[in-house]
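Working notes, structure below.
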Amino acid sequence: MGREELLPTVDGYVAPAHAHWASVPEIATVFSNEQLAALCDDENAKWVFTSFGRDETVRSNSPLATYIDGITKDWHDHEDVIGLIAEDFIEAQPIPWLHQFYKYVADARNRTKLIKTKPVFLNQDGKAVPGFDERNQAVLFLPTEDESGYETVHRALLENDETAAFIEDLGIAPPSLKDEIYNKLLPQYQDRVPIITRPHFRKFFQYYTECPQSEVQSFVALVKDCGFVLYRSSEDATVYRGKADTLYFPHETLRRWFRCKPNTRFVEWDEYVNFVGPGNKEALRSFLIALGVKDEPRLLSRDLSEEEASQIKE
C-alpha cells in the first residue's frame with residue numbers, strides 16, 4: 001500500500017497505509033485522530049472521509065465503498081473501536097472526554113452491552129477497571145463510607161449528572177451482601193491467608209437464606225469449594241476448617257458406624273446451631289447439606305485390579 005500522504009483528513013493528509021474509515025461519521029467525531037493513533041498503536045493513523053461513513057456509502061454507492069476500502073488501511077464500526085479500548089487508553093483521557101464517551105455509549109443499547117466488561121471506568125485510584133467480570137458479577141461499586149476491599153467509581157465521574165445516571169443504569173451500585181462475599185470474602189480462600197471463618201459462615205448462611213430461589217444453586221457452587229466449615233474428629237478435639245463435602249453430621253449412629261475410623265470429620269453442629277439460633281436449625285441443616293455435608297456414609301467406588309477381583313470371587 002502506498003506511503004505517500006495523499007488522502008485528506010481533518011488536519012492534513014495521510015498515506016493509505018495509515019488511513020482509517022469510520023462506519024458512521026459519529027465515530028470519527030467522538031474519537032480524535034490522536035485517540036485513533038493510540039487505539040491502533042500507530043502514531044500516524046488518521047481518519048479519512050469523515051463527512052460520510054462507510055455504512056451509508058455501501059448502501060448508496062457500492063463501487064465507491066469498494067474503491068475507498070482498497071485505498072485505506074482499515075475501517076471501524078462501533079463494536080470494533082470499542083473493542084480496541086484498553087486500560088492505558090482510558091487512564092490517559094481527560095475527565096471531560098470520558099463524560100462525552102459515556103454519553104456516546106449510552107445512546108445505543110448494543111454499545112452499552114459492549115462496555116460492561118471493558119475497563120472503561122476509573123476507580124478511586126484513577127485506574128481503568130470494568131464494571132462487571134466475565135460472570136456478570138459486579139466488581140465496581142458506587143463510593144460508600146466503607147470502601148476498603150472494593151473498587152469504587154472515581155468521584156469525579158459522578159459529578160456529571162448524565163454520567164452518574166448512566167453508571168447507575170448500567171447496574172453499578174453500592175456493594176450488597178452478595179458483592180461483599182464475591183469481592184472481599186471469597187478471594188481470601190484463594191490467597192491462602194489465615195482466616196477466621198465464623199463471620200464468613202454467618203454471611204454465607206445469611207445470603208443463602210435471603211437470596212432468590214433461582215440463585216441458590218449458583219451461590220452454593222460459588223462457595224462450596226471454600227474450606228470454611230468447622231469440624232473435629234473423634235481422635236482429635238482440635239477444631240479445624242475444611243470443605244463441607246468431606247464432613248458428616250455428628251449423629252450418634254454415624255459416630256458408632258465410624259468407630260473404627262476415628263479420623264472421620266464431623267461438622268461442629270452444636271456450635272453452628274448456637275451461632276445462627278435454634279430457630280434456624282432446619283435452614284442450617286439445608287445449607288450444610290447443599291454444601292455437601294452427609295448424614296449417611298458415603299459410598300466410594302474404585303476400579304479393582306484383576307487380582308483383587310479374583311479374591312472377591314473366592
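Ligands are numbered from 1 in the order shown, residues from 1 within each chain, and chains are lettered A, B, ... in the order they appear in the C-alpha cells.
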- Query: Neighbours of range 30-36 of chain A within 7 Å (only C-alpha atoms; same-chain residues fewer than 4 positions away dropped), as a ChimeraX atom specification?
  - Reply: /A:26,40,45-47,101
Where in range 22-126 of chain A does DSSP assign strand (DSSP E or B), given as a compact mmCIF listing (two decimals) with N, CA, C and O atoms, in the first residue's frame?
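Listing of result33.txt after writing:
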```txt
# COMPACT_ATOMS: atom_id res chain seq x y z
N ALA A 22 -14.36 5.40 9.19
CA ALA A 22 -15.38 5.05 10.18
C ALA A 22 -16.65 4.59 9.49
O ALA A 22 -17.03 5.10 8.43
N LYS A 46 -4.88 8.11 10.99
CA LYS A 46 -5.83 9.22 10.94
C LYS A 46 -7.12 8.76 10.26
O LYS A 46 -7.13 7.83 9.45
N TRP A 47 -8.20 9.46 10.61
CA TRP A 47 -9.49 9.23 9.95
C TRP A 47 -9.51 9.92 8.58
O TRP A 47 -8.99 11.02 8.43
N ASP A 74 -7.90 0.38 7.02
CA ASP A 74 -8.94 -0.39 7.70
C ASP A 74 -10.18 0.49 7.87
O ASP A 74 -10.12 1.70 7.69
N TRP A 75 -11.29 -0.14 8.21
CA TRP A 75 -12.49 0.62 8.57
C TRP A 75 -12.98 0.09 9.92
O TRP A 75 -12.70 -1.05 10.31
N HIS A 76 -13.71 0.93 10.67
CA HIS A 76 -14.09 0.58 12.04
C HIS A 76 -15.56 0.92 12.29
O HIS A 76 -16.01 2.02 11.98
N PHE A 121 -13.99 2.48 33.04
CA PHE A 121 -14.25 3.38 34.15
C PHE A 121 -12.98 3.60 34.97
O PHE A 121 -12.10 2.73 35.00
N LEU A 122 -12.91 4.74 35.63
CA LEU A 122 -11.79 5.00 36.54
C LEU A 122 -12.22 4.65 37.96
O LEU A 122 -13.30 5.03 38.40
N ASN A 123 -11.33 3.93 38.68
CA ASN A 123 -11.64 3.63 40.07
C ASN A 123 -11.11 4.74 40.98
O ASN A 123 -10.62 5.77 40.52
```
- Any idea what the distance is between CA of Val81 in chain A and CA of Pro119 in chain A? 13.7 Å
Write out as a PDB file with C-alpha atoms, in the first residue's frame the residues lying within 10 Å of range 204-214 of chain A, counting only C-alpha atoms and excluding same-chain residues fewer than 4 positions away.
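And here is the file that came out, result24.pdb:
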```pdb
ATOM      1  CA  LEU A 177     -24.024  -8.661  50.849  1.00  0.00           C
ATOM      2  CA  LYS A 178     -23.534 -10.753  47.704  1.00  0.00           C
ATOM      3  CA  ILE A 181     -18.999 -12.178  49.574  1.00  0.00           C
ATOM      4  CA  LEU A 185     -14.541 -12.895  51.273  1.00  0.00           C
ATOM      5  CA  ARG A 198     -17.102 -17.840  61.731  1.00  0.00           C
ATOM      6  CA  PRO A 199     -18.024 -14.341  60.429  1.00  0.00           C
ATOM      7  CA  HIS A 200     -17.788 -15.683  56.881  1.00  0.00           C
ATOM      8  CA  SER A 218     -25.212 -20.870  41.644  1.00  0.00           C
ATOM      9  CA  PHE A 219     -24.384 -19.364  45.039  1.00  0.00           C
ATOM     10  CA  VAL A 220     -23.724 -22.775  46.595  1.00  0.00           C
ATOM     11  CA  VAL A 223     -18.751 -21.185  47.949  1.00  0.00           C
ATOM     12  CA  PHE A 228     -14.797 -22.560  55.750  1.00  0.00           C
ATOM     13  CA  VAL A 276     -27.377 -18.998  63.978  1.00  0.00           C
ATOM     14  CA  ASN A 280     -32.765 -21.507  62.084  1.00  0.00           C
ATOM     15  CA  ALA A 283     -32.272 -23.814  57.351  1.00  0.00           C
ATOM     16  CA  LEU A 284     -28.804 -24.559  58.754  1.00  0.00           C
ATOM     17  CA  SER A 286     -30.397 -27.451  54.472  1.00  0.00           C
ATOM     18  CA  PHE A 287     -27.401 -25.158  53.929  1.00  0.00           C
ATOM     19  CA  LEU A 288     -24.877 -27.726  55.121  1.00  0.00           C
TER      20      LEU A 288
END
```
- Query: Pick from A:Pro187, A:Pro94, A:Pro130, A:Pro194: nearest to Leu157 in chain A, with only C-alpha atoms counted?
  - Reply: A:Pro94
- Message: Need to verify the contact set: range 246-254 of chain A, 10 Å, only C-alpha atoms, exclusion of same-chain residues closer than 5 positions in sequence. Can you return it as a PyMOL selection string?
- Response: chain A and resi 227+229-233+259+264-270+285+288-289+291-298
Export of the given selection (N, CA, C and O atoms) as a tab-separated table (two decimals), in the first residue's frame:
```
chain	number	residue	atom	x	y	z
A	227	GLY	N	-12.86	-23.87	52.01
A	227	GLY	CA	-12.77	-24.60	53.27
A	227	GLY	C	-13.11	-23.72	54.46
A	227	GLY	O	-12.21	-23.26	55.17
A	229	VAL	N	-15.96	-24.53	56.70
A	229	VAL	CA	-16.84	-25.20	57.66
A	229	VAL	C	-16.00	-25.83	58.77
A	229	VAL	O	-15.04	-26.56	58.50
A	230	LEU	N	-16.37	-25.56	60.02
A	230	LEU	CA	-15.62	-26.06	61.18
A	230	LEU	C	-15.98	-27.52	61.46
A	230	LEU	O	-17.13	-27.93	61.34
A	231	TYR	N	-14.96	-28.29	61.86
A	231	TYR	CA	-15.16	-29.71	62.17
A	231	TYR	C	-14.13	-30.16	63.18
A	231	TYR	O	-13.14	-29.49	63.46
A	232	ARG	N	-14.37	-31.35	63.73
A	232	ARG	CA	-13.38	-32.05	64.54
A	232	ARG	C	-13.62	-33.54	64.39
A	232	ARG	O	-14.66	-33.96	63.88
A	233	SER	N	-12.67	-34.34	64.84
A	233	SER	CA	-12.79	-35.80	64.74
A	233	SER	C	-12.77	-36.41	66.13
A	233	SER	O	-12.45	-35.74	67.13
A	259	ARG	N	-16.63	-45.80	64.33
A	259	ARG	CA	-15.73	-46.01	65.48
A	259	ARG	C	-14.38	-46.58	65.07
A	259	ARG	O	-13.37	-46.29	65.67
A	264	THR	N	-12.52	-39.67	61.11
A	264	THR	CA	-13.69	-39.16	60.38
A	264	THR	C	-14.04	-37.76	60.88
A	264	THR	O	-14.05	-37.50	62.08
A	265	ARG	N	-14.36	-36.89	59.96
A	265	ARG	CA	-14.61	-35.48	60.30
A	265	ARG	C	-16.10	-35.22	60.51
A	265	ARG	O	-16.92	-35.53	59.64
A	266	PHE	N	-16.42	-34.63	61.66
A	266	PHE	CA	-17.81	-34.28	61.97
A	266	PHE	C	-17.95	-32.77	62.11
A	266	PHE	O	-17.16	-32.13	62.82
A	267	VAL	N	-18.96	-32.23	61.43
A	267	VAL	CA	-19.19	-30.80	61.47
A	267	VAL	C	-19.54	-30.36	62.89
A	267	VAL	O	-20.15	-31.10	63.66
A	268	GLU	N	-19.13	-29.16	63.26
A	268	GLU	CA	-19.41	-28.60	64.58
A	268	GLU	C	-20.87	-28.12	64.65
A	268	GLU	O	-21.16	-26.92	64.71
A	269	TRP	N	-21.77	-29.09	64.66
A	269	TRP	CA	-23.19	-28.82	64.56
A	269	TRP	C	-23.71	-27.98	65.72
A	269	TRP	O	-24.39	-26.97	65.51
A	270	ASP	N	-23.42	-28.37	66.94
A	270	ASP	CA	-23.95	-27.65	68.10
A	270	ASP	C	-23.47	-26.20	68.11
A	270	ASP	O	-24.23	-25.29	68.45
A	285	ARG	N	-29.38	-26.89	58.52
A	285	ARG	CA	-29.21	-28.25	58.00
A	285	ARG	C	-29.28	-28.26	56.48
A	285	ARG	O	-28.46	-28.89	55.81
A	288	LEU	N	-26.02	-26.81	55.03
A	288	LEU	CA	-24.88	-27.73	55.12
A	288	LEU	C	-25.01	-28.89	54.15
A	288	LEU	O	-24.02	-29.34	53.55
A	289	ILE	N	-26.23	-29.41	53.98
A	289	ILE	CA	-26.45	-30.49	53.01
A	289	ILE	C	-26.16	-30.00	51.60
A	289	ILE	O	-25.53	-30.69	50.78
A	291	LEU	N	-24.11	-27.77	50.76
A	291	LEU	CA	-22.66	-27.63	50.62
A	291	LEU	C	-21.96	-28.98	50.47
A	291	LEU	O	-20.84	-29.04	49.97
A	292	GLY	N	-22.61	-30.07	50.95
A	292	GLY	CA	-22.01	-31.40	50.78
A	292	GLY	C	-21.85	-32.20	52.05
A	292	GLY	O	-21.34	-33.33	52.00
A	293	VAL	N	-22.26	-31.69	53.22
A	293	VAL	CA	-22.19	-32.46	54.45
A	293	VAL	C	-23.17	-33.63	54.35
A	293	VAL	O	-24.31	-33.46	53.90
A	294	LYS	N	-22.74	-34.83	54.78
A	294	LYS	CA	-23.56	-36.03	54.64
A	294	LYS	C	-24.11	-36.48	55.99
A	294	LYS	O	-23.47	-36.33	57.04
A	295	ASP	N	-25.32	-37.08	55.96
A	295	ASP	CA	-25.90	-37.66	57.17
A	295	ASP	C	-25.98	-39.18	57.07
A	295	ASP	O	-26.68	-39.83	57.83
A	296	GLU	N	-25.26	-39.76	56.11
A	296	GLU	CA	-25.11	-41.21	55.99
A	296	GLU	C	-23.77	-41.49	55.34
A	296	GLU	O	-23.21	-40.61	54.67
A	297	PRO	N	-23.22	-42.68	55.53
A	297	PRO	CA	-21.88	-42.97	54.99
A	297	PRO	C	-21.83	-42.79	53.47
A	297	PRO	O	-22.77	-43.16	52.76
A	298	ARG	N	-20.75	-42.20	53.00
A	298	ARG	CA	-20.56	-42.05	51.56
A	298	ARG	C	-20.17	-43.39	50.95
A	298	ARG	O	-19.41	-44.17	51.54
```
- Task: Name the closest residue to His99 in chain A among the candidates A:Ser301, A:Thr163, A:Gln311, A:Gln190; distances are taken between atoms, counting only C-alpha atoms.
- Result: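 Nearest to His99 in chain A: A:Thr163.
Taking CA of Pro143 in chain A as the reference point, CA of Pro174 in chain A is found at 6.7 Å.
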- Message: To one decimal place in Å, what is the distance between CA of Arg202 in chain A and CA of Lys281 in chain A?
- Response: 13.3 Å
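Distances to Gly171 in chain A were evaluated for A:Gln217, A:Asn61, A:Thr112, A:Thr238 using only C-alpha atoms, and the minimum falls at A:Thr112.
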- Message: Given only C-alpha atoms as the basis, pick out the residue of A:Val105, A:Ala38, A:Leu140, A:Leu64 nearest to Gln93 in chain A.
- Response: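 So, comparing all the options, the nearest one is A:Ala38.
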- Message: Just checking: using only C-alpha atoms, which residue out of A:Thr152, A:Lys243, A:Val24, A:Arg54 ends up closest to Tyr67 in chain A?
- Response: A:Arg54
- Task: Can you work out which one of A:Glu87, A:Asp179, A:Glu79, A:Asp161 has the shortest atom-to-atom distance to Ala128 in chain A, counting only C-alpha atoms?
- Result: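 Among A:Glu87, A:Asp179, A:Glu79, A:Asp161, it is A:Glu87 that comes nearest to Ala128 in chain A.
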